[in-house]
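Before any comments, here is the structure.
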Amino acid sequence: MRDHFEIRDHAAAGRIGRLEVPRAGVTVETPALLPVVNPNVLTIEPRRIREEFGAEMLITNSYIIRSTDRIRDRVLEEGLHEFLGFDGAIMTDSGSFQLAEYGDIDVTTAEILEFQRRIGSDVATPVDVPTPPDADRDRAERDLETTRTALADAEAADTGRMLVNAPVQGSTYPELREAAGRHAAGTDLDVFPVGAMVPLLNSYRYADVIEAVTAAKRGLDPDCPVHLFGAGHPMMLALAVAMGCDLFDSAAYALMARDGRYLTVSGTDHLAEMEYFPCSCPVCVDHTPAELREGDDDEAERLLAEHNLHVTFEEIRRIKGAIRSGTLLELVDRRARGHPAMLDGLRTLLDRTDRLEAADPVSKDAFFYTSHESARRPEVRRHHDRLARLETPPKLLVTESKPPSNHEYDAVWRVKPPFGPFPRALSETYPLTAETPDRTDAAAQTAAAEGVRRLAETSPDSAITLGHAGWVPEALDVVPDRVDVEDLRDLGR
Ligand code: GUN
Ligand code: ZN
């Protein structure tokens, strides 16, 4: 059991949790979004970030503070909370990002941790090495060795009540990510960021993001709080939560605003091309795109940043609600319709369905079939696994129609795409209460046919007949020859 993290609720691999931050004297509810605050440029005052946007935690960069004469002494004297005017929890980064960008920094883990402690950071970061995606394997392994040393230095440092991050690196090598996760979980450090994601996120390589995160999580323990370093675009937060990430940091809200970009849950729009604001945040209610374009540039940037932050926090709240009602995968499915890269992300997530299954609780709101990806959800596989445990009579009809009024079967079960067959008595149990469209698609029919195949395999002594309402040939190909197949439309039912 991790001392500072408690998981309260689950959906898919996503969870609602509570991260206790002892030095700040607060408990932060996760999934949490940490706005990135540049200590040199306060686009939005941190006090407002807390009061108007509800941020419980933010992240800033101790390396920038340490290297900027103008602010270093002030921060050392006043403390970080006073300097920023923020009384929530503050996480600080170490300069690793600068290391990745510029190849060199002039600080060790011991020095920067000591500095973070002195300025009053609540969650500190050692100097990990963010190996870029697609680096060669030798380099990824060498960098990982350096990161391991940084974690050891962090364990040895006097950090008091400050929590400490244990970043997980390993570039695009799943085995290295997994090994790094296992090593990090074995330290006595507290929070587990998956690092070097920024290049993947910036180029919308969500399938690779999922591979890296799921590999890291195989090595980490399920109760480790996981931070997706550099992820804060509202479009991908539901997907990231569904794979088990708990903390996010958004620099996007401010960086994008600088370039005149307007974030939405399905992508990024350009202020220059917008005629209407589709959002109901205070900024969008009070202004039109034309007003922002024609007004003062700095003011427009700040207002855009505010909108960007509003939509991001709104999405975090929506995600938490979806976890509570057990509809997170439906939300991810909706988000996947917004951008093709997100669809790749969802498909990769569903390839990992066995991992999702381990964490997904069984009973919740109705399962909604909203796209052919729904046919690959863990509930469908779980139902197929359950078929093996059901008793079947010698002569069994499984059918999409109502039971025929007179028949010579020992039992008549329902067939419901995408699940396949089940005894009528289970009709009112999750997930068979699913809301599905009347016009089923090939993916749902094929998944249902898979259920029929599983039943036929695990009940070799039963004679099984399938009644289907015009399934596509690919679905019928899945049904074994020993099952009698009747097209209900031919029977006039
Ligand atoms: N910020 C974004 N990515 C990273 C990372 O990999 N390591 C650290 N320390 N900070 C980051
Ligand atoms: Zn808005």
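Going through the structure tokens in order, the chains are called A, B, and so on, while each chain numbers its residues from 1 and the ligands are numbered from 1 in the order shown.
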
Spatial neighbours of Pro167 (chain A), 7 Å, only C-alpha atoms, chain gap at least 6 places, as JSON, numbers by chain: {"A": [128, 192, 193, 194, 195]}

Can I get the residues of chain A within 10 Å of ligand 1, each with the closest pair of atoms and their distance in Å to one decimal, using only C-alpha atoms and all ligand atoms, sorted chain first then ascending number, as a tab-separated table?
residue	atom	partner	partner_atom_place_in_ligand_line	distance
A:Asn61	CA	ligand 1	10 (N)	9.0
A:Thr92	CA	ligand 1	9 (N)	9.0
A:Asp93	CA	ligand 1	9 (N)	5.5
A:Ser94	CA	ligand 1	9 (N)	5.7
A:Gly95	CA	ligand 1	9 (N)	6.5
A:Ser96	CA	ligand 1	9 (N)	4.5
A:Phe97	CA	ligand 1	11 (C)	4.9
A:Gln98	CA	ligand 1	10 (N)	8.5
A:Leu99	CA	ligand 1	9 (N)	9.0
A:Ala100	CA	ligand 1	6 (O)	8.1
A:Ala124	CA	ligand 1	9 (N)	9.5
A:Thr125	CA	ligand 1	9 (N)	6.2
A:Pro126	CA	ligand 1	9 (N)	6.9
A:Val127	CA	ligand 1	9 (N)	6.2
A:Asp128	CA	ligand 1	9 (N)	5.6
A:Val129	CA	ligand 1	7 (N)	6.7
A:Pro130	CA	ligand 1	6 (O)	4.3
A:Thr131	CA	ligand 1	6 (O)	7.7
A:Pro132	CA	ligand 1	6 (O)	8.9
A:Thr147	CA	ligand 1	7 (N)	9.9
A:Asn165	CA	ligand 1	9 (N)	8.5
A:Ala166	CA	ligand 1	9 (N)	9.0
A:Pro167	CA	ligand 1	7 (N)	6.4
A:Val168	CA	ligand 1	6 (O)	7.8
A:Gln169	CA	ligand 1	6 (O)	6.9
A:Gly170	CA	ligand 1	6 (O)	9.9
A:Ser171	CA	ligand 1	6 (O)	9.7
A:Pro193	CA	ligand 1	7 (N)	7.6
A:Val194	CA	ligand 1	6 (O)	6.7
A:Gly195	CA	ligand 1	6 (O)	3.2
A:Ala196	CA	ligand 1	6 (O)	3.8
A:Met197	CA	ligand 1	3 (N)	6.0
A:Val198	CA	ligand 1	3 (N)	5.9
A:Pro199	CA	ligand 1	3 (N)	8.9
A:Leu228	CA	ligand 1	3 (N)	8.3
A:Phe229	CA	ligand 1	2 (C)	4.7
A:Gly230	CA	ligand 1	2 (C)	4.5
A:Ala231	CA	ligand 1	2 (C)	8.2
A:Asp249	CA	ligand 1	1 (N)	8.6
A:Ala251	CA	ligand 1	2 (C)	9.7

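Of the listed residues (A:Asp461, A:Phe368, A:Leu488, A:Ala375), A:Leu488 comes nearest to Val398 (chain A); the distances count only C-alpha atoms.
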
Need the shell around region 257-259 of chain A: protein/DNA/RNA residues with any atom at most 6 Å away, counting only C-alpha atoms. Skip same-chain ones fewer than 5 positions apart. Format as a ChimeraX atom specification? /A:301,304-305

What residues have any atom no more than 10 Å from ligand 2 when counting only C-alpha atoms and all ligand atoms, and can you list them as a PyMOL selection string? chain A and resi 262-264+277-287+303-312

Since we have the selection now, will you write its residues out, keeping N, CA and C atoms, as a PDB file, in the first residue's frame?
ATOM      1  N   TYR A 262      -7.130  27.814 -29.781  1.00  0.00           N
ATOM      2  CA  TYR A 262      -8.293  27.656 -28.929  1.00  0.00           C
ATOM      3  C   TYR A 262      -8.535  26.157 -28.769  1.00  0.00           C
ATOM      4  N   LEU A 263      -8.395  25.655 -27.539  1.00  0.00           N
ATOM      5  CA  LEU A 263      -8.503  24.209 -27.314  1.00  0.00           C
ATOM      6  C   LEU A 263      -9.967  23.784 -27.179  1.00  0.00           C
ATOM      7  N   THR A 264     -10.268  22.612 -27.705  1.00  0.00           N
ATOM      8  CA  THR A 264     -11.574  22.000 -27.477  1.00  0.00           C
ATOM      9  C   THR A 264     -11.341  20.526 -27.165  1.00  0.00           C
ATOM     10  N   PHE A 277     -17.608  31.291 -30.791  1.00  0.00           N
ATOM     11  CA  PHE A 277     -17.070  30.457 -29.717  1.00  0.00           C
ATOM     12  C   PHE A 277     -18.140  29.433 -29.335  1.00  0.00           C
ATOM     13  N   PRO A 278     -17.828  28.143 -29.429  1.00  0.00           N
ATOM     14  CA  PRO A 278     -18.848  27.134 -29.125  1.00  0.00           C
ATOM     15  C   PRO A 278     -18.991  26.834 -27.641  1.00  0.00           C
ATOM     16  N   CYS A 279     -18.238  27.512 -26.807  1.00  0.00           N
ATOM     17  CA  CYS A 279     -18.115  27.146 -25.397  1.00  0.00           C
ATOM     18  C   CYS A 279     -18.914  28.119 -24.537  1.00  0.00           C
ATOM     19  N   SER A 280     -19.232  27.705 -23.304  1.00  0.00           N
ATOM     20  CA  SER A 280     -19.990  28.575 -22.394  1.00  0.00           C
ATOM     21  C   SER A 280     -19.181  29.011 -21.189  1.00  0.00           C
ATOM     22  N   CYS A 281     -17.864  29.004 -21.281  1.00  0.00           N
ATOM     23  CA  CYS A 281     -17.048  29.502 -20.167  1.00  0.00           C
ATOM     24  C   CYS A 281     -17.196  31.030 -20.106  1.00  0.00           C
ATOM     25  N   PRO A 282     -16.793  31.662 -19.005  1.00  0.00           N
ATOM     26  CA  PRO A 282     -16.969  33.106 -18.881  1.00  0.00           C
ATOM     27  C   PRO A 282     -16.352  33.893 -20.046  1.00  0.00           C
ATOM     28  N   VAL A 283     -15.208  33.445 -20.548  1.00  0.00           N
ATOM     29  CA  VAL A 283     -14.561  34.156 -21.655  1.00  0.00           C
ATOM     30  C   VAL A 283     -15.427  34.092 -22.916  1.00  0.00           C
ATOM     31  N   CYS A 284     -15.907  32.898 -23.214  1.00  0.00           N
ATOM     32  CA  CYS A 284     -16.638  32.700 -24.469  1.00  0.00           C
ATOM     33  C   CYS A 284     -18.033  33.306 -24.431  1.00  0.00           C
ATOM     34  N   VAL A 285     -18.590  33.414 -23.218  1.00  0.00           N
ATOM     35  CA  VAL A 285     -19.891  34.053 -23.087  1.00  0.00           C
ATOM     36  C   VAL A 285     -19.762  35.572 -23.256  1.00  0.00           C
ATOM     37  N   ASP A 286     -18.650  36.113 -22.757  1.00  0.00           N
ATOM     38  CA  ASP A 286     -18.486  37.575 -22.763  1.00  0.00           C
ATOM     39  C   ASP A 286     -17.840  38.157 -24.018  1.00  0.00           C
ATOM     40  N   HIS A 287     -17.258  37.309 -24.862  1.00  0.00           N
ATOM     41  CA  HIS A 287     -16.514  37.832 -26.013  1.00  0.00           C
ATOM     42  C   HIS A 287     -16.849  37.070 -27.282  1.00  0.00           C
ATOM     43  N   LEU A 303      -7.018  35.900 -22.348  1.00  0.00           N
ATOM     44  CA  LEU A 303      -8.384  35.377 -22.420  1.00  0.00           C
ATOM     45  C   LEU A 303      -8.420  33.993 -23.071  1.00  0.00           C
ATOM     46  N   LEU A 304      -7.616  33.830 -24.111  1.00  0.00           N
ATOM     47  CA  LEU A 304      -7.548  32.496 -24.738  1.00  0.00           C
ATOM     48  C   LEU A 304      -7.025  31.466 -23.744  1.00  0.00           C
ATOM     49  N   ALA A 305      -5.983  31.853 -22.988  1.00  0.00           N
ATOM     50  CA  ALA A 305      -5.426  30.933 -21.984  1.00  0.00           C
ATOM     51  C   ALA A 305      -6.510  30.580 -20.965  1.00  0.00           C
ATOM     52  N   GLU A 306      -7.319  31.561 -20.593  1.00  0.00           N
ATOM     53  CA  GLU A 306      -8.390  31.284 -19.622  1.00  0.00           C
ATOM     54  C   GLU A 306      -9.416  30.309 -20.191  1.00  0.00           C
ATOM     55  N   HIS A 307      -9.826  30.562 -21.432  1.00  0.00           N
ATOM     56  CA  HIS A 307     -10.742  29.596 -22.051  1.00  0.00           C
ATOM     57  C   HIS A 307     -10.097  28.206 -22.073  1.00  0.00           C
ATOM     58  N   ASN A 308      -8.841  28.155 -22.510  1.00  0.00           N
ATOM     59  CA  ASN A 308      -8.161  26.851 -22.633  1.00  0.00           C
ATOM     60  C   ASN A 308      -8.136  26.114 -21.290  1.00  0.00           C
ATOM     61  N   LEU A 309      -7.901  26.865 -20.238  1.00  0.00           N
ATOM     62  CA  LEU A 309      -7.861  26.242 -18.914  1.00  0.00           C
ATOM     63  C   LEU A 309      -9.265  25.821 -18.464  1.00  0.00           C
ATOM     64  N   HIS A 310     -10.266  26.661 -18.782  1.00  0.00           N
ATOM     65  CA  HIS A 310     -11.647  26.287 -18.432  1.00  0.00           C
ATOM     66  C   HIS A 310     -12.049  24.977 -19.100  1.00  0.00           C
ATOM     67  N   VAL A 311     -11.819  24.836 -20.396  1.00  0.00           N
ATOM     68  CA  VAL A 311     -12.259  23.589 -21.054  1.00  0.00           C
ATOM     69  C   VAL A 311     -11.490  22.392 -20.505  1.00  0.00           C
ATOM     70  N   THR A 312     -10.242  22.624 -20.108  1.00  0.00           N
ATOM     71  CA  THR A 312      -9.443  21.504 -19.607  1.00  0.00           C
ATOM     72  C   THR A 312      -9.978  21.036 -18.255  1.00  0.00           C
TER      73      THR A 312
END

Could you give me, as a ChimeraX atom specification, each residue of region 129-171 of chain A that DSSP assigns to helix (DSSP H, G or I) when run on this structure's backbone? /A:137-156

Can you write out the residues you just picked, keeping N, CA, C and O atoms, as an mmCIF file, in the first residue's frame?
data_model
loop_
_atom_site.group_PDB
_atom_site.id
_atom_site.type_symbol
_atom_site.label_atom_id
_atom_site.label_comp_id
_atom_site.auth_asym_id
_atom_site.auth_seq_id
_atom_site.Cartn_x
_atom_site.Cartn_y
_atom_site.Cartn_z
ATOM 1 N N ARG A 137 18.560 1.794 -28.857
ATOM 2 C CA ARG A 137 18.327 1.084 -27.612
ATOM 3 C C ARG A 137 19.476 1.248 -26.625
ATOM 4 O O ARG A 137 19.253 1.380 -25.411
ATOM 5 N N ASP A 138 20.710 1.277 -27.149
ATOM 6 C CA ASP A 138 21.865 1.460 -26.262
ATOM 7 C C ASP A 138 21.734 2.756 -25.484
ATOM 8 O O ASP A 138 21.961 2.810 -24.283
ATOM 9 N N ARG A 139 21.368 3.784 -26.233
ATOM 10 C CA ARG A 139 21.225 5.080 -25.571
ATOM 11 C C ARG A 139 20.107 5.040 -24.526
ATOM 12 O O ARG A 139 20.270 5.543 -23.406
ATOM 13 N N ALA A 140 18.979 4.434 -24.896
ATOM 14 C CA ALA A 140 17.850 4.365 -23.959
ATOM 15 C C ALA A 140 18.280 3.640 -22.677
ATOM 16 O O ALA A 140 17.926 4.050 -21.571
ATOM 17 N N GLU A 141 19.076 2.575 -22.837
ATOM 18 C CA GLU A 141 19.521 1.826 -21.653
ATOM 19 C C GLU A 141 20.505 2.631 -20.816
ATOM 20 O O GLU A 141 20.426 2.637 -19.583
ATOM 21 N N ARG A 142 21.429 3.313 -21.503
ATOM 22 C CA ARG A 142 22.411 4.143 -20.764
ATOM 23 C C ARG A 142 21.691 5.249 -19.991
ATOM 24 O O ARG A 142 21.967 5.488 -18.815
ATOM 25 N N ASP A 143 20.750 5.926 -20.677
ATOM 26 C CA ASP A 143 19.995 7.006 -20.020
ATOM 27 C C ASP A 143 19.229 6.476 -18.803
ATOM 28 O O ASP A 143 19.148 7.140 -17.764
ATOM 29 N N LEU A 144 18.689 5.270 -18.963
ATOM 30 C CA LEU A 144 17.899 4.687 -17.879
ATOM 31 C C LEU A 144 18.785 4.432 -16.662
ATOM 32 O O LEU A 144 18.362 4.612 -15.514
ATOM 33 N N GLU A 145 20.004 4.041 -16.925
ATOM 34 C CA GLU A 145 20.956 3.816 -15.844
ATOM 35 C C GLU A 145 21.181 5.136 -15.085
ATOM 36 O O GLU A 145 21.203 5.170 -13.849
ATOM 37 N N THR A 146 21.317 6.244 -15.838
ATOM 38 C CA THR A 146 21.507 7.557 -15.198
ATOM 39 C C THR A 146 20.262 7.933 -14.375
ATOM 40 O O THR A 146 20.376 8.457 -13.264
ATOM 41 N N THR A 147 19.082 7.643 -14.931
ATOM 42 C CA THR A 147 17.856 7.943 -14.185
ATOM 43 C C THR A 147 17.802 7.108 -12.901
ATOM 44 O O THR A 147 17.412 7.611 -11.842
ATOM 45 N N ARG A 148 18.204 5.834 -12.989
ATOM 46 C CA ARG A 148 18.233 4.998 -11.774
ATOM 47 C C ARG A 148 19.119 5.615 -10.702
ATOM 48 O O ARG A 148 18.769 5.640 -9.521
ATOM 49 N N THR A 149 20.287 6.112 -11.140
ATOM 50 C CA THR A 149 21.201 6.751 -10.184
ATOM 51 C C THR A 149 20.534 7.980 -9.564
ATOM 52 O O THR A 149 20.654 8.216 -8.351
ATOM 53 N N ALA A 150 19.801 8.746 -10.412
ATOM 54 C CA ALA A 150 19.117 9.941 -9.890
ATOM 55 C C ALA A 150 18.077 9.541 -8.834
ATOM 56 O O ALA A 150 17.943 10.216 -7.803
ATOM 57 N N LEU A 151 17.375 8.442 -9.064
ATOM 58 C CA LEU A 151 16.379 7.996 -8.077
ATOM 59 C C LEU A 151 17.074 7.566 -6.779
ATOM 60 O O LEU A 151 16.581 7.842 -5.675
ATOM 61 N N ALA A 152 18.218 6.894 -6.926
ATOM 62 C CA ALA A 152 18.965 6.483 -5.727
ATOM 63 C C ALA A 152 19.434 7.720 -4.958
ATOM 64 O O ALA A 152 19.338 7.772 -3.722
ATOM 65 N N ASP A 153 19.914 8.737 -5.691
ATOM 66 C CA ASP A 153 20.340 9.980 -5.027
ATOM 67 C C ASP A 153 19.151 10.634 -4.314
ATOM 68 O O ASP A 153 19.297 11.214 -3.228
ATOM 69 N N ALA A 154 17.989 10.557 -4.950
ATOM 70 C CA ALA A 154 16.791 11.150 -4.338
ATOM 71 C C ALA A 154 16.399 10.395 -3.066
ATOM 72 O O ALA A 154 15.997 11.000 -2.072
ATOM 73 N N GLU A 155 16.541 9.062 -3.102
ATOM 74 C CA GLU A 155 16.221 8.290 -1.891
ATOM 75 C C GLU A 155 17.173 8.653 -0.750
ATOM 76 O O GLU A 155 16.781 8.647 0.417
ATOM 77 N N ALA A 156 18.415 8.953 -1.119
ATOM 78 C CA ALA A 156 19.427 9.246 -0.102
ATOM 79 C C ALA A 156 19.313 10.678 0.426
ATOM 80 O O ALA A 156 19.828 10.995 1.499
#

So, counting only C-alpha atoms, which residue among A:Glu52, A:Tyr253, A:Val472, A:Asp190 is closest to Val37 (chain A)?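 That would be A:Tyr253, the residue with the smallest distance to Val37 (chain A).
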
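Every residue of region 152-305 of chain A found in strand (DSSP E) when DSSP is run on the backbone appears here: Leu163, Val164, Phe192, Pro193, Val194, Val226, His227, Leu228, Leu247, Phe248, Asp249, Ser250, Arg261, Tyr262, Leu263, Thr264, Gly267, Thr268, Asp269 and His270 of chain A.
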
Point-to-point distance in Å for CA of His372 (chain A) and CA of Glu474 (chain A):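 Taking CA of Glu474 (chain A) as the start and CA of His372 (chain A) as the end point, the length is 14.5 Å.
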
Which residue, A:Ala212, A:Val191, A:Leu331, A:Ile44, has the smallest gap to Phe248 (chain A) when you use only C-alpha atoms? A:Val191

May I have the residues within 12 Å of Ala442 (chain A) as a PDB file with N, CA, C and O atoms, in the first residue's frame, using only C-alpha atoms and disregarding those fewer than 6 positions away in the same chain?
ATOM      1  N   SER A 371     -20.180   2.641 -31.069  1.00  0.00           N
ATOM      2  CA  SER A 371     -19.385   2.563 -32.298  1.00  0.00           C
ATOM      3  C   SER A 371     -18.900   1.130 -32.401  1.00  0.00           C
ATOM      4  O   SER A 371     -19.036   0.361 -31.451  1.00  0.00           O
ATOM      5  N   HIS A 372     -18.295   0.767 -33.524  1.00  0.00           N
ATOM      6  CA  HIS A 372     -17.870  -0.638 -33.620  1.00  0.00           C
ATOM      7  C   HIS A 372     -16.717  -0.953 -32.678  1.00  0.00           C
ATOM      8  O   HIS A 372     -16.480  -2.113 -32.357  1.00  0.00           O
ATOM      9  N   GLU A 373     -16.035   0.095 -32.146  1.00  0.00           N
ATOM     10  CA  GLU A 373     -15.031  -0.176 -31.113  1.00  0.00           C
ATOM     11  C   GLU A 373     -15.684  -0.721 -29.830  1.00  0.00           C
ATOM     12  O   GLU A 373     -15.037  -1.416 -29.054  1.00  0.00           O
ATOM     13  N   SER A 374     -16.969  -0.407 -29.631  1.00  0.00           N
ATOM     14  CA  SER A 374     -17.644  -0.908 -28.422  1.00  0.00           C
ATOM     15  C   SER A 374     -17.632  -2.436 -28.375  1.00  0.00           C
ATOM     16  O   SER A 374     -17.682  -3.031 -27.303  1.00  0.00           O
ATOM     17  N   ALA A 375     -17.575  -3.064 -29.574  1.00  0.00           N
ATOM     18  CA  ALA A 375     -17.587  -4.532 -29.627  1.00  0.00           C
ATOM     19  C   ALA A 375     -16.335  -5.129 -28.994  1.00  0.00           C
ATOM     20  O   ALA A 375     -16.293  -6.310 -28.690  1.00  0.00           O
ATOM     21  N   PRO A 417     -26.120  -9.029 -29.911  1.00  0.00           N
ATOM     22  CA  PRO A 417     -24.826  -8.466 -30.316  1.00  0.00           C
ATOM     23  C   PRO A 417     -24.510  -7.226 -29.464  1.00  0.00           C
ATOM     24  O   PRO A 417     -25.454  -6.479 -29.174  1.00  0.00           O
ATOM     25  N   PRO A 418     -23.273  -7.012 -29.031  1.00  0.00           N
ATOM     26  CA  PRO A 418     -22.064  -7.773 -29.357  1.00  0.00           C
ATOM     27  C   PRO A 418     -21.776  -8.934 -28.409  1.00  0.00           C
ATOM     28  O   PRO A 418     -20.748  -9.591 -28.561  1.00  0.00           O
ATOM     29  N   ALA A 448     -20.697 -11.237 -31.364  1.00  0.00           N
ATOM     30  CA  ALA A 448     -21.737 -12.156 -30.884  1.00  0.00           C
ATOM     31  C   ALA A 448     -21.473 -13.575 -31.404  1.00  0.00           C
ATOM     32  O   ALA A 448     -21.642 -14.562 -30.678  1.00  0.00           O
ATOM     33  N   ALA A 449     -21.040 -13.662 -32.664  1.00  0.00           N
ATOM     34  CA  ALA A 449     -20.719 -14.972 -33.252  1.00  0.00           C
ATOM     35  C   ALA A 449     -19.563 -15.621 -32.491  1.00  0.00           C
ATOM     36  O   ALA A 449     -19.536 -16.836 -32.282  1.00  0.00           O
ATOM     37  N   ALA A 469     -30.540 -12.498 -37.132  1.00  0.00           N
ATOM     38  CA  ALA A 469     -31.345 -11.626 -37.985  1.00  0.00           C
ATOM     39  C   ALA A 469     -30.490 -11.046 -39.115  1.00  0.00           C
ATOM     40  O   ALA A 469     -30.193  -9.853 -39.141  1.00  0.00           O
ATOM     41  N   GLY A 470     -30.047 -11.903 -39.989  1.00  0.00           N
ATOM     42  CA  GLY A 470     -29.333 -11.420 -41.172  1.00  0.00           C
ATOM     43  C   GLY A 470     -27.910 -10.986 -40.912  1.00  0.00           C
ATOM     44  O   GLY A 470     -27.499  -9.904 -41.337  1.00  0.00           O
ATOM     45  N   TRP A 471     -27.146 -11.795 -40.208  1.00  0.00           N
ATOM     46  CA  TRP A 471     -25.757 -11.440 -39.927  1.00  0.00           C
ATOM     47  C   TRP A 471     -24.932 -11.468 -41.205  1.00  0.00           C
ATOM     48  O   TRP A 471     -25.195 -12.256 -42.121  1.00  0.00           O
ATOM     49  N   VAL A 472     -23.879 -10.653 -41.195  1.00  0.00           N
ATOM     50  CA  VAL A 472     -22.985 -10.579 -42.366  1.00  0.00           C
ATOM     51  C   VAL A 472     -22.185 -11.889 -42.474  1.00  0.00           C
ATOM     52  O   VAL A 472     -21.969 -12.574 -41.469  1.00  0.00           O
ATOM     53  N   PRO A 473     -21.734 -12.230 -43.682  1.00  0.00           N
ATOM     54  CA  PRO A 473     -20.977 -13.479 -43.876  1.00  0.00           C
ATOM     55  C   PRO A 473     -19.760 -13.603 -42.957  1.00  0.00           C
ATOM     56  O   PRO A 473     -19.499 -14.685 -42.434  1.00  0.00           O
ATOM     57  N   GLU A 474     -19.025 -12.499 -42.709  1.00  0.00           N
ATOM     58  CA  GLU A 474     -17.833 -12.613 -41.832  1.00  0.00           C
ATOM     59  C   GLU A 474     -18.230 -13.085 -40.444  1.00  0.00           C
ATOM     60  O   GLU A 474     -17.486 -13.822 -39.798  1.00  0.00           O
ATOM     61  N   ALA A 475     -19.387 -12.641 -39.966  1.00  0.00           N
ATOM     62  CA  ALA A 475     -19.828 -13.076 -38.637  1.00  0.00           C
ATOM     63  C   ALA A 475     -20.191 -14.559 -38.680  1.00  0.00           C
ATOM     64  O   ALA A 475     -19.773 -15.340 -37.826  1.00  0.00           O
ATOM     65  N   LEU A 476     -20.934 -14.944 -39.706  1.00  0.00           N
ATOM     66  CA  LEU A 476     -21.368 -16.353 -39.793  1.00  0.00           C
ATOM     67  C   LEU A 476     -20.170 -17.287 -39.961  1.00  0.00           C
ATOM     68  O   LEU A 476     -20.191 -18.422 -39.491  1.00  0.00           O
ATOM     69  N   ASP A 477     -19.098 -16.788 -40.588  1.00  0.00           N
ATOM     70  CA  ASP A 477     -17.880 -17.606 -40.744  1.00  0.00           C
ATOM     71  C   ASP A 477     -17.277 -17.999 -39.404  1.00  0.00           C
ATOM     72  O   ASP A 477     -16.561 -18.988 -39.302  1.00  0.00           O
ATOM     73  N   VAL A 478     -17.531 -17.181 -38.374  1.00  0.00           N
ATOM     74  CA  VAL A 478     -16.962 -17.453 -37.054  1.00  0.00           C
ATOM     75  C   VAL A 478     -17.716 -18.592 -36.347  1.00  0.00           C
ATOM     76  O   VAL A 478     -17.178 -19.274 -35.489  1.00  0.00           O
TER      77      VAL A 478
END

Skipping near chain neighbours, those fewer than 3 positions away, what residues fall within 8 Å of region 222-225 of chain A using only C-alpha atoms, listed as an MDAnalysis selection string? chainID A and resid 1:2 5:7 19 185 190:192 217 245:247

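Coordinates place CA of Phe419 (chain A) at a distance of 22.1 Å from CA of Pro394 (chain A).
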